[in-house]
Amino acid sequence: MRAGGRKTFRGARSAMTTSLTRGTAGAAPSDFLKERGGFLLLLLAALAPIPLFWFGATNLAYEWSKPEYSHGPLIPVLSAFMFLREMSQVPPVQHEIRDRRTGLWIIGAAFVIAAFGNMVRIPDLVFYSMIIWVAGMVLVCFGFRRGIFFWPAVLHLVFMLPIPNFIYWPITVFLQGVSSEVGVYFVRLAGIPVYLDGHIIDLGEFKLLVAEACSGLRYLFPIMSFSYIFCVLYKGPWWIKATLLLSAVPIAVFMNSFRIGVIGVLVNSYGIEHAEGFLHYFEGWVIFASCIGLLFGMVLVMQLFTGDRRSISDALDLEFTEVVPQLKRSLAVPATRALGVAAALGLAVSAAVYAAPSSQSVEVDRRDFAVFPRQLDGWAGQFDILDPGVERVLGADDYLSAYYVNRDYEAPVDLFVAWYEKQTEGSGIHSPEVCLPAGGWEMFNIEEHQVTPAADTGVAPFEVNRAIIQKGSEQRQLVWYWFDQAGDVYTNDFAAKAGSMYNTVTRGRTDGALVRLMTPIVGTDVAGAEARLQSMLNSAMTRLPEFLPN
């Protein structure tokens, strides 16, 4: 990012244009290979890793079909424009470039990460390895000292990638909570009585669910990308650029909350149709345009403080005349040894991936939760079916949601188990630390706690997460939960993810589960709640291994 003017290299371009006219009709084949050998080698190096990256690319195309990432296909186009724009400031060199080796190491690292991602069937690893590979290719073509100049264009590619699920869900739930709270504030400003229960806005006659699609991520990612490009192209002080970057997220969150508040007011006044269909999406586009307008407005205000009277168009470096000449220049790359090594590496790794036997997950011999016992040593269970929207977000292949009561205890115990056949390719367990707050519960006193099942269960003592959750001033519950990875118990969801990858590679097991026990705290009797959970654990563990096999 530079605030100064642009320097072009017209003489160098003229020389390059002259060189591009060689190898025309009448030239010998050797002359053609000499002039075009570098381009052909670059093309081979670009096409060779396709089998390695194919798994990630197909999953990336699927992610781009989601509203949150629908901007994805535009990002490579914008990055290419930024790259060609920067090329006009990097002159061709007449001497031999000797610092290409760093690019080869980076390409090698990208191939290792991509191969591991294919092995454990985690597309996120392949996604990010593709960008690392692009960075390595740039350094191979230009050398390290000149290639590092293009980092803004390469870094911008990050905006086309989906966030990994273990990051996506906490961010989504957090933004849902913020958007709900601020949205309700705007509804109350309009003088409308409203009550917020978790992510549900209760207007009396109507109830609005602030779903994950309303968290604001669909605005956040494009606006962050726009802000980033604006900062790269902006010819002005660094502090204005930094302020613009830091402001993109709060502006997007605030405007999304304002949109939710406006929808609440319209629904209360004119009916539920204002929260659905065309009007819903139209209001979203209006808010997105408003976010862009606010960013422009911030720049103009900050420029006034510096005495800068330029318009936005004058302050941006939007010189399109350099794009086509630089595109032609980029095709006239020299045929270097490093580029040949990059192509050979791509061919070798792709051949290895193609020749390697496809990873087959082991078929797990387990029973469906539909036949889980309703009677367990004095506990009588009643099974529930989750709401279709909740089922979709949960993404489990099989689940158990049951309430068990026992005459010896004054409160029931909620037993919930979600089982996933594959925790790869986008699927995965959602921690209660993410899901429970979405229902309006606050979590307190989360700690690891050792439980000891009864001797007749044959299950050794293990660690669980113990937490107290509260909704309002009176509702409190005690929760035990843990992650089961093919018989291995984890209390940390990141460790559980690592355990899943280990089991995938060593055992072919991709399955895993979340187990949660929950019971109300009657008055202040936490010890009584603890005793109920222990009793239910003893009863459940006599049968649960049939449904969650080791």
# chains A, B, ... in the order shown; residues from 1 in each chain; ligands from 1
call {"tool": "closest_atom_pairs", "arguments": {"of": "region 128-201 of chain A", "to": "region 337-347 of chain A", "cutoff": "9 Å", "atoms": "only C-alpha atoms", "output": "tab-separated table"}}
result
residue	atom	partner	partner_atom	distance
A:Met137	CA	A:Ala342	CA	7.8
A:Val140	CA	A:Ala338	CA	6.3
A:Cys141	CA	A:Leu339	CA	7.0
call {"tool": "write_last_selection", "arguments": {"atoms": "N, CA, C and O atoms", "output": "PDB file, in the first residue's frame"}}
result
ATOM      1  N   MET A 137       4.211 -19.575  -6.130  1.00  0.00           N
ATOM      2  CA  MET A 137       4.383 -19.407  -7.577  1.00  0.00           C
ATOM      3  C   MET A 137       4.796 -17.979  -7.928  1.00  0.00           C
ATOM      4  O   MET A 137       5.622 -17.766  -8.832  1.00  0.00           O
ATOM      5  N   VAL A 140       8.428 -17.690  -7.151  1.00  0.00           N
ATOM      6  CA  VAL A 140       9.242 -18.428  -8.124  1.00  0.00           C
ATOM      7  C   VAL A 140       9.387 -17.635  -9.416  1.00  0.00           C
ATOM      8  O   VAL A 140      10.465 -17.577 -10.019  1.00  0.00           O
ATOM      9  N   CYS A 141       8.313 -16.999  -9.844  1.00  0.00           N
ATOM     10  CA  CYS A 141       8.347 -16.259 -11.111  1.00  0.00           C
ATOM     11  C   CYS A 141       9.127 -14.952 -10.999  1.00  0.00           C
ATOM     12  O   CYS A 141       9.809 -14.551 -11.945  1.00  0.00           O
TER      13      CYS A 141
END
call {"tool": "closest_residue", "arguments": {"among": "A:Leu233, A:Trp133, A:Gln94, A:Tyr403", "to": "Ala109 (chain A)", "atoms": "only C-alpha atoms"}}
result
A:Trp133
call {"tool": "closest_residue", "arguments": {"among": "A:Leu266, A:Leu41, A:Ala332, A:Ile148", "to": "Pro92 (chain A)", "atoms": "only C-alpha atoms"}}
result
A:Ala332
call {"tool": "atom_distance", "arguments": {"atom1": "CA of Leu514 (chain A)", "atom2": "CA of Phe416 (chain A)"}}
result
8.0 Å
call {"tool": "atom_distance", "arguments": {"atom1": "CA of Pro461 (chain A)", "atom2": "CA of Trp441 (chain A)"}}
result
28.7 Å
call {"tool": "select_by_dssp", "arguments": {"residues": "region 30-80 of chain A", "states": "helix (DSSP H, G or I)", "output": "count of residues only"}}
result
43
call {"tool": "residues_around", "arguments": {"residues": "region 43-59 of chain A", "least_positions_apart": "6", "cutoff": "10 Å", "atoms": "only C-alpha atoms", "output": "ChimeraX atom specification"}}
result
/A:37,111,114-115,117-118,121-130,133-134,137,331,339-354,425-426
call {"tool": "residues_around", "arguments": {"residues": "Ala135 (chain A)", "least_positions_apart": "4", "cutoff": "7 Å", "atoms": "only C-alpha atoms", "output": "MDAnalysis selection string"}}
result
chainID A and resid 131 139 154
call {"tool": "write_last_selection", "arguments": {"atoms": "N, CA and C atoms", "output": "PDB file, in the first residue's frame"}}
result
ATOM      1  N   ILE A 131      -3.859 -21.028  -1.578  1.00  0.00           N
ATOM      2  CA  ILE A 131      -3.353 -19.657  -1.521  1.00  0.00           C
ATOM      3  C   ILE A 131      -1.853 -19.653  -1.235  1.00  0.00           C
ATOM      4  N   LEU A 139       6.566 -15.976  -6.052  1.00  0.00           N
ATOM      5  CA  LEU A 139       7.965 -15.822  -5.667  1.00  0.00           C
ATOM      6  C   LEU A 139       8.893 -16.580  -6.612  1.00  0.00           C
ATOM      7  N   VAL A 154      -2.195 -11.295  -3.280  1.00  0.00           N
ATOM      8  CA  VAL A 154      -2.262 -12.693  -2.824  1.00  0.00           C
ATOM      9  C   VAL A 154      -3.049 -12.794  -1.522  1.00  0.00           C
TER      10      VAL A 154
END
call {"tool": "closest_residue", "arguments": {"among": "A:Ile192, A:Ala153, A:Val267, A:Leu548", "to": "Asp365 (chain A)", "atoms": "only C-alpha atoms"}}
result
A:Leu548
call {"tool": "residues_around", "arguments": {"residues": "Gln534 (chain A)", "least_positions_apart": "5", "cutoff": "10 Å", "atoms": "only C-alpha atoms", "output": "VMD selection string"}}
result
chain A and resid 451 to 454 480 517 528 to 529 539 to 540
call {"tool": "write_last_selection", "arguments": {"atoms": "N, CA and C atoms", "output": "mmCIF file, in the first residue's frame"}}
result
data_model
loop_
_atom_site.group_PDB
_atom_site.id
_atom_site.type_symbol
_atom_site.label_atom_id
_atom_site.label_comp_id
_atom_site.auth_asym_id
_atom_site.auth_seq_id
_atom_site.Cartn_x
_atom_site.Cartn_y
_atom_site.Cartn_z
ATOM 1 N N VAL A 451 -15.852 -38.123 36.307
ATOM 2 C CA VAL A 451 -17.006 -38.936 36.686
ATOM 3 C C VAL A 451 -16.577 -40.399 36.721
ATOM 4 N N THR A 452 -17.217 -41.146 37.601
ATOM 5 C CA THR A 452 -16.895 -42.567 37.764
ATOM 6 C C THR A 452 -18.169 -43.383 37.576
ATOM 7 N N PRO A 453 -18.385 -43.970 36.390
ATOM 8 C CA PRO A 453 -19.567 -44.796 36.188
ATOM 9 C C PRO A 453 -19.559 -46.009 37.111
ATOM 10 N N ALA A 454 -20.729 -46.572 37.330
ATOM 11 C CA ALA A 454 -20.851 -47.753 38.202
ATOM 12 C C ALA A 454 -19.989 -48.894 37.662
ATOM 13 N N TRP A 480 -23.462 -31.785 32.195
ATOM 14 C CA TRP A 480 -22.245 -32.545 31.920
ATOM 15 C C TRP A 480 -22.214 -32.822 30.418
ATOM 16 N N LEU A 517 -25.650 -34.433 29.287
ATOM 17 C CA LEU A 517 -26.644 -34.680 30.335
ATOM 18 C C LEU A 517 -26.955 -33.347 31.010
ATOM 19 N N GLY A 528 -28.019 -32.156 44.748
ATOM 20 C CA GLY A 528 -29.097 -33.011 44.277
ATOM 21 C C GLY A 528 -29.060 -33.174 42.769
ATOM 22 N N ALA A 529 -28.772 -32.095 42.055
ATOM 23 C CA ALA A 529 -28.645 -32.176 40.596
ATOM 24 C C ALA A 529 -27.478 -33.067 40.210
ATOM 25 N N SER A 539 -26.907 -45.427 34.479
ATOM 26 C CA SER A 539 -27.903 -46.179 33.705
ATOM 27 C C SER A 539 -27.613 -46.103 32.212
ATOM 28 N N ALA A 540 -27.262 -44.906 31.722
ATOM 29 C CA ALA A 540 -27.057 -44.731 30.285
ATOM 30 C C ALA A 540 -25.821 -45.466 29.788
#
call {"tool": "residues_around", "arguments": {"residues": "Gly381 (chain A)", "least_positions_apart": "3", "cutoff": "8 Å", "atoms": "only C-alpha atoms", "output": "ChimeraX atom specification"}}
result
/A:373-375,402-405
call {"tool": "residues_around", "arguments": {"residues": "region 226-228 of chain A", "least_positions_apart": "6", "cutoff": "10 Å", "atoms": "only C-alpha atoms", "output": "list in words"}}
result
Ile75, Leu78, Pro152, Leu155, His156, Phe159, Leu220, Tyr234, Lys241, Ala242, Leu244, Leu245, Leu246, Ser247, Ala248, Val249, Ile292, Leu295 and Phe296 of chain A
call {"tool": "atom_distance", "arguments": {"atom1": "CA of Trp239 (chain A)", "atom2": "CA of Glu68 (chain A)"}}
result
29.5 Å
call {"tool": "closest_residue", "arguments": {"among": "A:Ser311, A:Gln89, A:Gln303, A:Gln477", "to": "Val522 (chain A)", "atoms": "only C-alpha atoms"}}
result
A:Gln477
call {"tool": "select_by_dssp", "arguments": {"residues": "region 171-350 of chain A", "states": "strand (DSSP E or B)", "output": "PyMOL selection string"}}
result
chain A and resi 195-197+200-202+207-209+234+316
call {"tool": "closest_residue", "arguments": {"among": "A:Asp456, A:Glu421, A:Asp197, A:Glu433", "to": "Gln485 (chain A)", "atoms": "only C-alpha atoms"}}
result
A:Glu421
call {"tool": "closest_residue", "arguments": {"among": "A:Gly499, A:Lys471, A:Met119, A:Leu415", "to": "Val515 (chain A)", "atoms": "only C-alpha atoms"}}
result
A:Leu415
